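Shown below: final.txt, with compact mmCIF, C-alpha atoms.
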# COMPACT_ATOMS: atom_id res chain seq x y z
CA MET Q 1 0.00 0.00 0.00
CA ALA Q 2 1.39 3.40 -0.94
CA HIS Q 3 1.54 5.98 1.81
CA GLN Q 4 1.56 9.39 0.19
CA VAL Q 5 0.91 12.75 1.76
CA GLU Q 6 1.20 16.31 0.59
CA SER Q 7 3.49 17.72 3.27
CA GLU Q 8 5.58 16.92 6.31
CA ILE Q 9 2.85 18.25 8.57
CA ASP Q 10 0.31 16.06 6.80
CA ALA Q 11 2.68 13.13 7.36
CA ILE Q 12 2.58 13.67 11.10
CA GLY Q 13 -1.21 13.51 11.06
CA TYR Q 14 -1.12 10.52 8.74
CA ALA Q 15 1.11 8.64 11.18
CA TYR Q 16 -1.41 9.29 13.92
CA ASP Q 17 -4.27 8.10 11.73
CA ARG Q 18 -2.43 4.88 10.81
CA GLY Q 19 -1.62 4.10 14.43
CA TRP Q 20 2.13 4.37 13.93
CA SER Q 21 2.66 6.95 16.66
CA ASP Q 22 3.24 6.52 20.37
CA GLY Q 23 1.07 9.54 20.99
CA LEU Q 24 3.74 12.11 20.16
CA PRO Q 25 4.40 13.62 16.73
CA VAL Q 26 6.83 11.54 14.70
CA VAL Q 27 9.45 12.49 12.16
CA PRO Q 28 7.98 11.31 8.84
CA PRO Q 29 9.60 8.02 7.81
CA THR Q 30 10.60 8.90 4.26
CA ARG Q 31 12.64 6.65 2.02
CA ASP Q 32 15.51 9.18 1.93
CA ARG Q 33 15.80 9.37 5.71
CA ILE Q 34 15.65 5.61 6.15
CA ASP Q 35 18.12 4.87 3.36
CA ARG Q 36 20.55 7.45 4.71
CA MET Q 37 20.43 5.92 8.17
CA LEU Q 38 21.02 2.41 6.81
CA ALA Q 39 23.78 3.53 4.44
CA ALA Q 40 25.62 5.41 7.18
CA HIS Q 41 26.40 2.03 8.76
CA GLY Q 42 26.41 -0.24 5.74
CA VAL Q 43 23.32 -2.11 6.89
CA GLU Q 44 21.19 -3.92 4.33
CA PRO Q 45 17.51 -3.03 4.70
CA GLY Q 46 16.38 -6.63 4.54
CA ARG Q 47 18.74 -7.83 7.24
CA GLU Q 48 16.79 -9.72 9.85
CA ILE Q 49 17.30 -8.32 13.34
CA GLY Q 50 15.06 -10.79 15.11
CA ARG Q 51 11.79 -12.60 15.14
CA VAL Q 52 8.68 -12.78 17.26
CA PRO Q 53 7.69 -16.39 16.62
CA GLU Q 54 4.63 -16.19 18.82
CA ARG Q 55 3.20 -13.56 16.50
CA LYS Q 56 4.83 -14.77 13.28
CA ARG Q 57 6.61 -11.44 12.83
CA THR Q 58 10.07 -10.56 11.62
CA VAL Q 59 11.81 -7.29 12.41
CA THR Q 60 14.19 -6.09 9.72
CA ALA Q 61 16.82 -3.39 9.72
CA GLU Q 62 14.58 -1.28 7.50
CA LEU Q 63 11.74 -1.46 10.00
CA ALA Q 64 14.11 -0.57 12.82
CA ALA Q 65 15.42 2.38 10.80
CA ALA Q 66 11.92 3.59 9.96
CA ASN Q 67 11.02 3.66 13.64
CA ALA Q 68 14.35 5.20 14.60
CA VAL Q 69 13.69 7.97 12.09
CA MET Q 70 10.21 8.47 13.51
CA ALA Q 71 11.67 8.67 17.01
CA GLY Q 72 14.02 11.44 15.97
CA CYS Q 73 17.26 9.45 16.23
CA THR Q 74 20.39 10.76 14.61
CA ASP Q 75 21.96 8.38 12.11
CA ALA Q 76 24.80 7.87 14.60
CA LEU Q 77 22.43 6.28 17.10
CA PHE Q 78 21.28 3.58 14.71
CA PRO Q 79 23.79 0.88 15.80
CA LEU Q 80 22.47 1.29 19.35
CA VAL Q 81 18.90 0.98 18.09
CA LEU Q 82 19.84 -2.24 16.31
CA ALA Q 83 21.54 -3.59 19.42
CA ALA Q 84 18.55 -2.74 21.60
CA VAL Q 85 16.09 -4.32 19.17
CA GLU Q 86 18.24 -7.42 18.89
CA ALA Q 87 18.31 -7.62 22.66
CA VAL Q 88 14.54 -7.38 23.20
CA LEU Q 89 13.95 -9.99 20.52
CA ASP Q 90 16.25 -12.43 22.29
CA PRO Q 91 14.14 -15.31 23.63
CA ALA Q 92 15.58 -14.73 27.09
CA PHE Q 93 13.93 -11.30 27.20
CA ASN Q 94 10.60 -12.72 26.00
CA ILE Q 95 9.26 -9.48 24.52
CA VAL Q 96 5.70 -10.75 24.22
CA GLY Q 97 5.58 -11.11 28.00
CA PRO Q 98 6.45 -7.67 29.35
CA SER Q 99 4.97 -5.80 26.39
CA ALA Q 100 1.59 -7.50 26.71
CA SER Q 101 1.30 -8.01 30.44
CA THR Q 102 -1.12 -6.14 32.69
CA GLY Q 103 2.03 -5.34 34.67
CA GLY Q 104 2.83 -2.53 32.25
CA ALA Q 105 6.62 -2.82 32.27
CA ALA Q 106 8.71 -0.78 29.89
CA PRO Q 107 12.02 -1.74 28.28
CA LEU Q 108 14.78 0.10 30.11
CA VAL Q 109 17.81 0.59 27.87
CA ILE Q 110 21.03 0.89 29.86
CA VAL Q 111 23.85 2.29 27.74
CA HIS Q 112 27.40 1.24 28.58
CA GLY Q 113 30.76 2.30 27.32
CA PRO Q 114 32.39 5.06 25.27
CA VAL Q 115 29.26 5.97 23.28
CA VAL Q 116 27.80 7.56 26.39
CA ALA Q 117 30.27 10.37 25.86
CA THR Q 118 30.81 10.22 22.10
CA LEU Q 119 27.12 10.26 21.22
CA GLY Q 120 26.16 12.93 23.70
CA PHE Q 121 24.09 10.93 26.16
CA ASN Q 122 23.23 12.52 29.47
CA ALA Q 123 24.24 10.44 32.50
CA GLU Q 124 24.08 13.37 34.88
CA THR Q 125 21.44 15.89 35.90
CA ALA Q 126 17.92 14.58 35.26
CA VAL Q 127 19.35 11.40 33.76
CA LEU Q 128 15.92 9.74 33.60
CA GLY Q 129 14.15 12.95 32.72
CA ALA Q 130 13.73 15.18 29.71
CA GLY Q 131 16.00 17.24 27.52
CA ASN Q 132 18.58 14.97 25.93
CA ARG Q 133 18.11 13.84 22.33
CA SER Q 134 20.19 10.68 22.54
CA ASN Q 135 18.61 9.48 25.78
CA LEU Q 136 15.05 10.03 24.65
CA THR Q 137 15.19 9.10 20.99
CA LEU Q 138 17.00 5.81 21.63
CA GLY Q 139 14.43 4.80 24.22
CA ARG Q 140 11.62 6.01 22.01
CA ALA Q 141 12.88 4.16 18.94
CA LEU Q 142 12.87 0.88 20.84
CA ASN Q 143 9.34 1.46 22.07
CA LEU Q 144 8.16 2.32 18.56
CA VAL Q 145 9.68 -0.90 17.22
CA ILE Q 146 7.86 -2.82 19.94
CA ARG Q 147 4.63 -1.12 18.94
CA ASN Q 148 4.98 -1.27 15.18
CA GLY Q 149 7.21 -4.30 14.71
CA VAL Q 150 6.28 -6.58 17.59
CA GLY Q 151 2.64 -5.51 17.53
CA SER Q 152 2.23 -4.58 21.18
CA VAL Q 153 -0.35 -1.84 20.79
CA PRO Q 154 -2.19 -0.64 23.92
CA GLY Q 155 -5.70 -2.01 24.10
CA ASP Q 156 -4.91 -4.69 21.57
CA LEU Q 157 -2.09 -7.09 22.40
CA ASP Q 158 -0.75 -4.70 25.06
CA ARG Q 159 -3.02 -5.13 28.07
CA ALA Q 160 -1.15 -2.95 30.56
CA THR Q 161 -3.39 -1.84 33.39
CA VAL Q 162 -1.56 1.39 34.19
CA ALA Q 163 1.93 1.23 32.63
CA HIS Q 164 4.32 4.18 33.05
CA ALA Q 165 6.09 6.89 31.10
CA GLY Q 166 8.95 4.56 30.28
CA ARG Q 167 6.68 3.22 27.55
CA ILE Q 168 7.55 6.42 25.67
CA ALA Q 169 11.29 6.37 26.36
CA TYR Q 170 13.33 4.75 29.11
CA CYS Q 171 17.05 5.13 28.80
CA LEU Q 172 19.75 5.07 31.47
CA PRO Q 173 23.26 5.93 30.30
CA GLU Q 174 25.87 4.64 32.72
CA ALA Q 175 28.40 7.18 33.95
CA ARG Q 176 32.03 6.19 34.18
CA CYS Q 177 33.36 7.18 37.60
CA ALA Q 178 37.02 7.20 38.54
CA GLY Q 179 37.90 4.27 40.76
CA TRP Q 180 34.66 2.42 40.14
CA PRO Q 181 34.19 -0.41 37.63
CA THR Q 182 30.97 -0.18 35.69
CA GLN Q 183 27.94 -2.43 35.64
CA GLY Q 184 28.64 -2.95 31.97
CA GLU Q 185 32.07 -4.37 32.75
CA GLU Q 186 30.50 -6.68 35.33
CA LEU Q 187 28.16 -7.90 32.59
CA GLY Q 188 31.14 -8.72 30.42
CA VAL Q 189 31.29 -5.66 28.19
CA PRO Q 190 34.96 -5.02 27.30
CA GLY Q 191 36.19 -1.66 28.51
CA ASP Q 192 36.75 -0.33 25.01
CA ARG Q 193 33.37 -1.43 23.64
CA SER Q 194 29.89 -0.06 23.97
CA ALA Q 195 26.77 -2.05 24.63
CA VAL Q 196 23.15 -1.77 25.58
CA THR Q 197 21.33 -3.84 28.15
CA VAL Q 198 17.57 -4.12 27.99
CA PHE Q 199 15.62 -4.78 31.15
CA ALA Q 200 11.85 -5.15 31.49
CA ALA Q 201 11.29 -2.58 34.19
CA GLU Q 202 8.82 -0.84 36.40
CA ALA Q 203 8.99 2.89 36.97
CA PRO Q 204 11.84 4.16 39.17
CA HIS Q 205 11.30 4.17 42.94
CA SER Q 206 12.90 7.18 44.57
CA VAL Q 207 15.45 6.86 47.37
CA ALA Q 208 15.81 10.26 48.98
CA ASP Q 209 18.40 10.39 51.76
CA HIS Q 210 19.90 13.72 52.81
CA VAL Q 211 20.86 12.56 56.29
CA ASN Q 212 23.12 9.53 56.23
CA ASP Q 213 26.76 10.21 55.48
CA GLU Q 214 27.86 6.77 56.58
CA PRO Q 215 27.35 3.77 54.29
CA ASP Q 216 25.38 1.59 56.69
CA GLY Q 217 22.68 4.19 57.14
CA LEU Q 218 22.53 4.78 53.41
CA ILE Q 219 22.21 1.06 52.73
CA ASP Q 220 19.30 0.99 55.16
CA SER Q 221 17.60 3.74 53.14
CA PHE Q 222 18.04 1.77 49.95
CA ALA Q 223 16.86 -1.42 51.62
CA ARG Q 224 13.75 0.27 53.01
CA VAL Q 225 12.64 1.21 49.52
CA ALA Q 226 13.79 -2.04 47.94
CA ARG Q 227 11.63 -4.00 50.37
CA THR Q 228 8.54 -2.42 48.83
CA THR Q 229 9.36 -3.82 45.38
CA ASN Q 230 8.14 -7.06 43.88
CA TYR Q 231 11.13 -9.40 44.42
CA ALA Q 232 10.28 -10.78 40.98
CA GLY Q 233 13.30 -10.07 38.84
CA ALA Q 234 16.49 -11.85 37.95
CA ALA Q 235 17.99 -8.41 38.52
CA ILE Q 236 17.14 -5.04 40.01
CA VAL Q 237 18.86 -1.76 39.20
CA PHE Q 238 20.14 0.59 41.88
CA VAL Q 239 20.79 4.00 40.31
CA ILE Q 240 23.22 5.61 42.72
CA CYS Q 241 23.68 9.37 42.49
CA PRO Q 242 27.04 11.12 42.97
CA GLU Q 243 26.31 12.28 46.51
CA HIS Q 244 25.46 8.79 47.62
CA ARG Q 245 28.38 7.33 45.70
CA SER Q 246 30.72 9.70 47.55
CA VAL Q 247 29.54 8.23 50.87
CA PHE Q 248 30.65 4.79 49.71
CA THR Q 249 33.86 6.14 48.20
CA ARG Q 250 34.93 7.86 51.44
CA ALA Q 251 34.28 4.68 53.39
CA GLY Q 252 36.39 2.65 50.99
CA TRP Q 253 33.48 0.48 49.90
CA THR Q 254 33.55 -1.37 46.61
CA ARG Q 255 30.79 -2.50 44.27
CA ASP Q 256 30.96 -5.90 45.95
CA THR Q 257 30.61 -4.36 49.41
CA ILE Q 258 27.58 -2.36 48.36
CA ARG Q 259 26.03 -5.32 46.59
CA ASP Q 260 26.59 -7.72 49.48
CA ALA Q 261 25.13 -5.27 51.98
CA LEU Q 262 22.06 -4.66 49.82
CA PHE Q 263 21.56 -8.36 49.19
CA GLU Q 264 21.72 -9.22 52.87
CA ARG Q 265 19.62 -6.35 54.14
CA THR Q 266 16.83 -6.81 51.65
CA ALA Q 267 16.27 -10.49 52.48
CA ALA Q 268 12.73 -10.98 53.72
CA THR Q 269 10.38 -13.70 54.93
CA GLY Q 270 7.30 -14.96 53.17
CA ARG Q 271 5.20 -13.43 55.96
CA GLU Q 272 6.64 -9.98 55.28
CA ILE Q 273 6.12 -10.34 51.56
CA HIS Q 274 2.56 -11.67 51.89
CA ALA Q 275 1.59 -8.58 53.85
CA THR Q 276 2.01 -6.54 50.68
CA GLY Q 277 0.17 -8.94 48.40
CA ARG Q 278 3.18 -10.44 46.70
CA HIS Q 279 4.48 -13.97 46.27
CA ASP Q 280 1.65 -15.89 47.86
CA ASP Q 281 3.50 -19.08 46.96
CA LEU Q 282 5.94 -18.56 49.82
CA GLU Q 283 5.68 -20.21 53.22
CA PRO Q 284 5.44 -17.65 56.06
CA ASP Q 285 8.92 -18.39 57.40
CA GLU Q 286 10.50 -19.01 54.04
CA ARG Q 287 13.36 -16.64 53.24
CA ILE Q 288 13.43 -14.78 49.95
CA THR Q 289 16.21 -12.59 48.66
CA LEU Q 290 15.65 -9.54 46.51
CA THR Q 291 17.11 -11.35 43.50
CA PRO Q 292 17.93 -15.05 43.08
CA ASP Q 293 21.63 -14.35 43.64
CA ARG Q 294 23.93 -11.45 44.49
CA GLY Q 295 24.75 -10.94 40.84
CA GLY Q 296 21.23 -9.67 40.32
CA ILE Q 297 21.93 -6.58 42.40
CA TRP Q 298 22.97 -4.13 39.69
CA ILE Q 299 24.62 -0.83 40.49
CA VAL Q 300 24.59 1.97 37.92
CA PHE Q 301 26.15 5.29 38.85
CA ALA Q 302 24.27 8.17 37.30
CA GLY Q 303 22.56 11.43 38.14
CA GLY Q 304 23.32 15.05 38.88
CA SER Q 305 26.05 16.21 41.23
CA ALA Q 306 23.67 17.89 43.66
CA GLY Q 307 21.05 16.13 45.74
CA GLY Q 308 20.78 12.93 47.74
CA HIS Q 309 18.35 11.38 45.31
CA SER Q 310 18.99 7.91 44.00
CA ALA Q 311 16.53 5.43 42.55
CA ILE Q 312 15.71 1.76 42.39
CA ILE Q 313 14.32 0.28 39.18
CA PRO Q 314 12.60 -3.05 39.80
CA SER Q 315 11.93 -5.70 37.25
CA TRP Q 316 8.60 -6.39 35.65
CA LEU Q 317 6.40 -8.36 38.05
CA GLY Q 318 6.02 -11.23 35.58
CA ALA Q 319 9.76 -11.77 35.22
CA GLY Q 320 9.42 -14.77 37.49
CA ARG Q 321 12.92 -14.43 38.96
CA GLY Q 322 14.24 -14.75 35.41
CA VAL Q 323 11.94 -17.45 34.04
CA GLY Q 324 9.53 -15.00 32.45
CA SER Q 325 12.11 -12.47 31.30
CA ARG Q 326 15.82 -11.86 31.75
CA PRO Q 327 17.89 -8.77 30.96
CA VAL Q 328 19.90 -9.09 27.76
CA THR Q 329 23.10 -7.27 26.84
CA CYS Q 330 24.15 -6.72 23.22
CA LEU Q 331 27.34 -5.13 22.00
CA VAL Q 332 27.02 -2.14 19.72
CA SER Q 333 28.53 -2.89 16.35
CA GLN Q 334 31.48 -0.82 15.30
CA SER Q 335 31.12 0.52 11.77
CA MET O 336 4.96 17.78 -3.96
CA ALA O 337 3.82 14.42 -2.66
CA ILE O 338 5.86 12.76 0.05
CA SER O 339 6.06 8.99 0.17
CA LEU O 340 6.27 7.34 3.53
CA VAL O 341 7.66 3.93 4.31
CA ASP O 342 5.37 1.71 6.36
CA PRO O 343 7.09 1.27 9.75
CA THR O 344 4.98 -1.69 10.77
CA ALA O 345 5.44 -5.40 10.41
CA SER O 346 2.63 -7.77 9.67
CA ALA O 347 2.20 -11.26 10.90
CA ALA O 348 3.14 -13.81 8.31
CA GLU O 349 0.25 -15.59 6.73
CA ALA O 350 -0.40 -18.79 8.60
CA VAL O 351 -2.16 -21.73 7.06
CA LEU O 352 -4.46 -23.02 9.72
CA ARG O 353 -6.34 -26.22 9.18
CA PRO O 354 -8.82 -27.46 11.72
CA ALA O 355 -7.66 -30.55 13.53
CA ARG O 356 -9.62 -33.69 13.07
CA ARG O 357 -12.44 -34.03 15.54
CA PRO O 358 -12.79 -37.78 16.01
CA LEU O 359 -15.92 -37.99 18.14
CA GLY O 360 -16.14 -41.71 17.77
CA PRO O 361 -17.54 -44.21 20.21
CA GLY O 362 -14.97 -43.27 22.82
CA HIS O 363 -15.15 -40.41 25.25
CA ILE O 364 -13.92 -36.90 24.80
CA VAL O 365 -10.81 -35.68 26.54
CA ALA O 366 -10.52 -31.99 27.33
CA ALA O 367 -7.25 -30.30 28.25
CA LEU O 368 -7.59 -27.73 31.01
CA VAL O 369 -4.54 -25.52 30.64
CA SER O 370 -3.95 -23.23 33.56
CA ASN O 371 -1.59 -20.27 33.16
CA GLY O 372 -0.47 -20.80 36.75
CA LYS O 373 -2.03 -17.66 38.17
CA PRO O 374 -4.44 -17.84 41.11
CA ASN O 375 -7.88 -19.25 40.29
CA SER O 376 -7.04 -20.05 36.68
CA ASP O 377 -7.51 -23.73 37.52
CA VAL O 378 -10.70 -23.02 39.48
CA ILE O 379 -12.32 -21.21 36.59
CA LEU O 380 -11.28 -23.87 34.12
CA ARG O 381 -12.78 -26.63 36.24
CA GLY O 382 -15.98 -24.61 36.59
CA VAL O 383 -16.27 -24.09 32.85
CA PHE O 384 -15.50 -27.74 32.23
CA GLU O 385 -18.19 -28.83 34.67
CA GLN O 386 -20.79 -26.75 32.89
CA LEU O 387 -19.60 -27.92 29.50
CA SER O 388 -19.76 -31.56 30.55
CA LYS O 389 -23.45 -31.20 31.30
CA ARG O 390 -24.10 -30.02 27.78
CA LEU O 391 -22.19 -32.65 25.84
CA ASP O 392 -23.78 -35.87 24.65
CA HIS O 393 -20.54 -37.80 24.97
CA PRO O 394 -18.78 -38.85 28.14
CA VAL O 395 -16.00 -36.40 28.77
CA GLU O 396 -12.94 -36.38 30.99
CA SER O 397 -10.35 -33.72 31.64
CA LEU O 398 -6.61 -33.66 31.86
CA GLU O 399 -5.09 -30.74 33.71
CA PHE O 400 -1.96 -28.94 32.62
CA THR O 401 -0.16 -25.93 34.05
CA LYS O 402 2.09 -23.71 31.97
CA GLU O 403 5.71 -23.65 33.02
CA SER O 404 5.50 -19.88 33.25
CA ALA O 405 2.51 -17.57 33.12
CA SER O 406 4.72 -15.14 31.21
CA ARG O 407 5.66 -17.45 28.36
CA VAL O 408 3.72 -19.26 25.68
CA LEU O 409 3.00 -22.94 26.03
CA SER O 410 6.05 -25.06 25.27
CA ASP O 411 6.11 -27.13 22.10
CA GLU O 412 6.42 -30.21 24.26
CA MET O 413 3.25 -29.48 26.20
CA THR O 414 1.39 -28.43 23.06
CA GLY O 415 2.33 -31.71 21.43
CA LEU O 416 1.24 -33.69 24.45
CA ILE O 417 -2.13 -31.96 24.51
CA ALA O 418 -2.57 -32.49 20.78
CA ARG O 419 -1.86 -36.20 21.13
CA ARG O 420 -4.05 -36.87 24.13
CA CYS O 421 -6.90 -34.37 23.97
CA HIS O 422 -9.71 -33.42 21.65
CA PHE O 423 -9.78 -29.76 22.62
CA ALA O 424 -8.29 -27.37 25.16
CA LEU O 425 -9.66 -24.79 27.53
CA VAL O 426 -7.00 -22.20 28.35
CA GLY O 427 -6.95 -19.91 31.36
CA VAL O 428 -5.51 -16.50 30.58
CA GLY O 429 -5.30 -13.20 32.40
CA ASP O 430 -4.67 -12.40 36.02

Re-express the file's structure as structure tokens.
Amino acid sequence: MAHQVESEIDAIGYAYDRGWSDGLPVVPPTRDRIDRMLAAHGVEPGREIGRVPERKRTVTAELAAANAVMAGCTDALFPLVLAAVEAVLDPAFNIVGPSASTGGAAPLVIVHGPVVATLGFNAETAVLGAGNRSNLTLGRALNLVIRNGVGSVPGDLDRATVAHAGRIAYCLPEARCAGWPTQGEELGVPGDRSAVTVFAAEAPHSVADHVNDEPDGLIDSFARVARTTNYAGAAIVFVICPEHRSVFTRAGWTRDTIRDALFERTAATGREIHATGRHDDLEPDERITLTPDRGGIWIVFAGGSAGGHSAIIPSWLGAGRGVGSRPVTCLVSQS
Amino acid sequence: MAISLVDPTASAAEAVLRPARRPLGPGHIVAALVSNGKPNSDVILRGVFEQLSKRLDHPVESLEFTKESASRVLSDEMTGLIARRCHFALVGVGD
């Protein structure tokens, strides 16, 4: 079917009418824009990025580029879009689960490595907020592919009860901090490479602590908030801001120290979990840890330099401790 | 000047679906009750099956199955087992 309009403005309305949009105006997906994006990285339009066998769909590079154009991505971001799409179409991620579930999870894209700086991502002030083109268009492109390529359209195959704003764009660039290894490196990303990790995620839970300047008290603040989450993921992301990171730095703590303390102090009993309506399959005295193992406690340093405001990003409720969905990391190709 | 847009959507591949044979011979009917594992899925399925049994002319029995994960589609192994042993399936979905 030919899709012809008279003007760029008409194209924006046309995209709304056809159901291509996420609710925001899109950049019209013209052949020139798509071909330029593909050619910039030597990617064949028909290259298969992944499949959705449950829905008999195939996502090609051309489709990914069309949605990246609509999202407002620069051509330079396209390899990250491809990596993110490849990751969500990995069977371990199980895209049809989180994108259809009443749980309303959104795909969080964590960006690791040199591209955070070279492609102008914002890992500092308002890192999960508005204002940065790379942050928002990468997250948006992935969500548009999930809508238009995977077919998860709200009210149709997407049955989210409430969902959250991450369904528009949800991107967390990881800051590189002197003296601290990154979460990307812990996931096996070589130091000189860039990668994206996709994670079926709830909205961020705020951890505001302007009092504790010793690590134990700060860990207690994190644990207090973490105990309200669903204990359902193979992983959970602790976004630690610079002020909170400095508390750990001064005390000589390492990533392992932080992780072990969080893992231990978030362990709960079935009785405690039942009280909040979660995990009714647990015996009252049965112990449950926040994630199946310590490796599921992820630490990403990010955020502005002022303010004791960190965040915890829990997994989608249906992740089933990794059975329903697992985070997937894909390297960004180097063209 | 007209602007041509590229369709950014993917369509599901055409699937050739043929109804399975429905051998309602002299034997009884076997229904698969496939629970998604969420609370009360099995309860609802048994309730529906009970009502259905009253309306069928043939003797009918049920075999109960539970998905390995509520978040994933039925495995090929379980689908094959149901196809071999049952005449039809009732599936519990939702929360």

Give me, as CSV, the closest atom pair and its distance (Å, one decimal) for every residue of chain O within a cut-off of 12 Å of chain Q, counting all atoms listed in the file, rows sorted by chain and rising number.
residue,atom,partner,partner_atom,distance
O:Met336,CA,Q:Glu6,CA,6.1
O:Ala337,CA,Q:Glu6,CA,4.6
O:Ile338,CA,Q:Val5,CA,5.2
O:Ser339,CA,Q:Gln4,CA,4.5
O:Leu340,CA,Q:Thr30,CA,4.7
O:Val341,CA,Q:Pro29,CA,5.7
O:Asp342,CA,Q:His3,CA,7.3
O:Pro343,CA,Q:Ala66,CA,5.4
O:Thr344,CA,Q:Asn148,CA,4.4
O:Ala345,CA,Q:Gly149,CA,4.8
O:Ser346,CA,Q:Arg57,CA,6.3
O:Ala347,CA,Q:Arg57,CA,4.8
O:Ala348,CA,Q:Lys56,CA,5.3
O:Glu349,CA,Q:Lys56,CA,8.0
O:Ala350,CA,Q:Lys56,CA,8.1
O:Val351,CA,Q:Lys56,CA,11.7
O:Gly372,CA,Q:Asp281,CA,11.1
O:Lys373,CA,Q:Asp281,CA,10.5
O:Pro374,CA,Q:Asp280,CA,9.3
O:Lys402,CA,Q:Gly324,CA,11.5
O:Glu403,CA,Q:Val323,CA,8.8
O:Ser404,CA,Q:Gly324,CA,6.4
O:Ala405,CA,Q:Gly324,CA,7.5
O:Ser406,CA,Q:Gly324,CA,5.0
O:Arg407,CA,Q:Gly324,CA,6.1
O:Val408,CA,Q:Glu54,CA,7.6
O:Leu409,CA,Q:Glu54,CA,10.0
O:Ser410,CA,Q:Glu54,CA,11.1
O:Asp411,CA,Q:Glu54,CA,11.5
O:Val428,CA,Q:Ser101,CA,10.9
O:Gly429,CA,Q:Thr102,CA,8.2
O:Asp430,CA,Q:Thr102,CA,7.9

Compile the contact shell of Gly113 in chain Q as a list of chain:residue names: residues with an atom at most 10 Å away, counting all atoms listed in the file, same-chain residues fewer than 6 positions apart removed. Q:Pro173, Q:Glu174, Q:Ala175, Q:Arg176, Q:Thr182, Q:Gln183, Q:Gly184, Q:Glu185, Q:Val189, Q:Pro190, Q:Gly191, Q:Asp192, Q:Arg193, Q:Ser194, Q:Ala195, Q:Val196, Q:Leu331, Q:Val332

Between Q:Thr266, Q:Thr125, Q:Ser305, Q:Thr249, single out the one closest to Gly179 in chain Q, counting only C-alpha atoms.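 When distances to Gly179 in chain Q are compared using only C-alpha atoms, the smallest one comes from Q:Thr249.
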
Using all atoms listed in the file, give me every residue within 8 Å of (19.8, 5.1, 26.8) in file coordinates, as a list in words.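 Nearby residues: Leu108, Val109, Ile110, Val111, Phe121, Ser134, Asn135, Leu136, Leu138, Gly139, Tyr170, Cys171, Leu172, Pro173 and Val196 of chain Q.
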
Take the residues that were just selected and, keeping C-alpha atoms, output them as a PDB file, keeping the file's coordinate frame.
ATOM      1  CA  LEU Q 108      14.780   0.100  30.110  1.00  0.00           C
ATOM      2  CA  VAL Q 109      17.810   0.590  27.870  1.00  0.00           C
ATOM      3  CA  ILE Q 110      21.030   0.890  29.860  1.00  0.00           C
ATOM      4  CA  VAL Q 111      23.850   2.290  27.740  1.00  0.00           C
ATOM      5  CA  PHE Q 121      24.090  10.930  26.160  1.00  0.00           C
ATOM      6  CA  SER Q 134      20.190  10.680  22.540  1.00  0.00           C
ATOM      7  CA  ASN Q 135      18.610   9.480  25.780  1.00  0.00           C
ATOM      8  CA  LEU Q 136      15.050  10.030  24.650  1.00  0.00           C
ATOM      9  CA  LEU Q 138      17.000   5.810  21.630  1.00  0.00           C
ATOM     10  CA  GLY Q 139      14.430   4.800  24.220  1.00  0.00           C
ATOM     11  CA  TYR Q 170      13.330   4.750  29.110  1.00  0.00           C
ATOM     12  CA  CYS Q 171      17.050   5.130  28.800  1.00  0.00           C
ATOM     13  CA  LEU Q 172      19.750   5.070  31.470  1.00  0.00           C
ATOM     14  CA  PRO Q 173      23.260   5.930  30.300  1.00  0.00           C
ATOM     15  CA  VAL Q 196      23.150  -1.770  25.580  1.00  0.00           C
TER      16      VAL Q 196
END

Who sits within 10 Å of His279 in chain Q, all atoms listed in the file, same chain under 2 positions skipped, as a ChimeraX atom specification: /Q:230-232,270-271,273-277,281-283,288

Please compute the CA of His422 in chain O-CA of Gln386 in chain O distance, one decimal, in Å. 17.1 Å

Contact residues around Glu399 in chain O with all atoms listed in the file at 10 Å, ignoring same-chain residues under 3 positions, as a list in words: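 Returned residues: Ala366, Ala367, Leu368, Val369, Ser370, Asp377, Leu380, Arg381, Ile417, Ala424 and Leu425 of chain O.
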
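What separates CA of Ser376 in chain O from CA of Ser388 in chain O is a distance of 18.2 Å.
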
Residues within 12 Å of Ala76 in chain Q, please, as a PyMOL selection string. Count only C-alpha atoms; anything in the same chain fewer than 2 positions from it doesn't count. chain Q and resi 36-41+65+68-69+72-74+78-82+115+118-121+133-134+137-138+332-335

For Glu396 in chain O: contacts at 10 Å, only C-alpha atoms, fewer than 3 positions along chain excluded, given as a CSV table (one decimal) with C-alpha atoms, in the coordinates of the input:
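Saved the output as part13.csv:
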chain,number,residue,atom,x,y,z
O,363,HIS,CA,-15.2,-40.4,25.2
O,364,ILE,CA,-13.9,-36.9,24.8
O,365,VAL,CA,-10.8,-35.7,26.5
O,366,ALA,CA,-10.5,-32.0,27.3
O,367,ALA,CA,-7.2,-30.3,28.2
O,384,PHE,CA,-15.5,-27.7,32.2
O,385,GLU,CA,-18.2,-28.8,34.7
O,388,SER,CA,-19.8,-31.6,30.6
O,393,HIS,CA,-20.5,-37.8,25.0
O,421,CYS,CA,-6.9,-34.4,24.0

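Nearest-residue note for Ala165 in chain Q: choosing from Q:Gly188, Q:Pro107, Q:Gly13, Q:Pro114, the minimum distance belongs to Q:Pro107, counting all atoms listed in the file.
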
Looking at only C-alpha atoms, which of Q:Arg294, Q:Arg278, Q:His112, Q:His210 is the one that sits closest to Cys241 in chain Q?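 Nearest candidate to Cys241 in chain Q out of Q:Arg294, Q:Arg278, Q:His112, Q:His210: Q:His210.
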
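CA of Gly304 in chain Q is positioned 22.4 Å from CA of Arg140 in chain Q.
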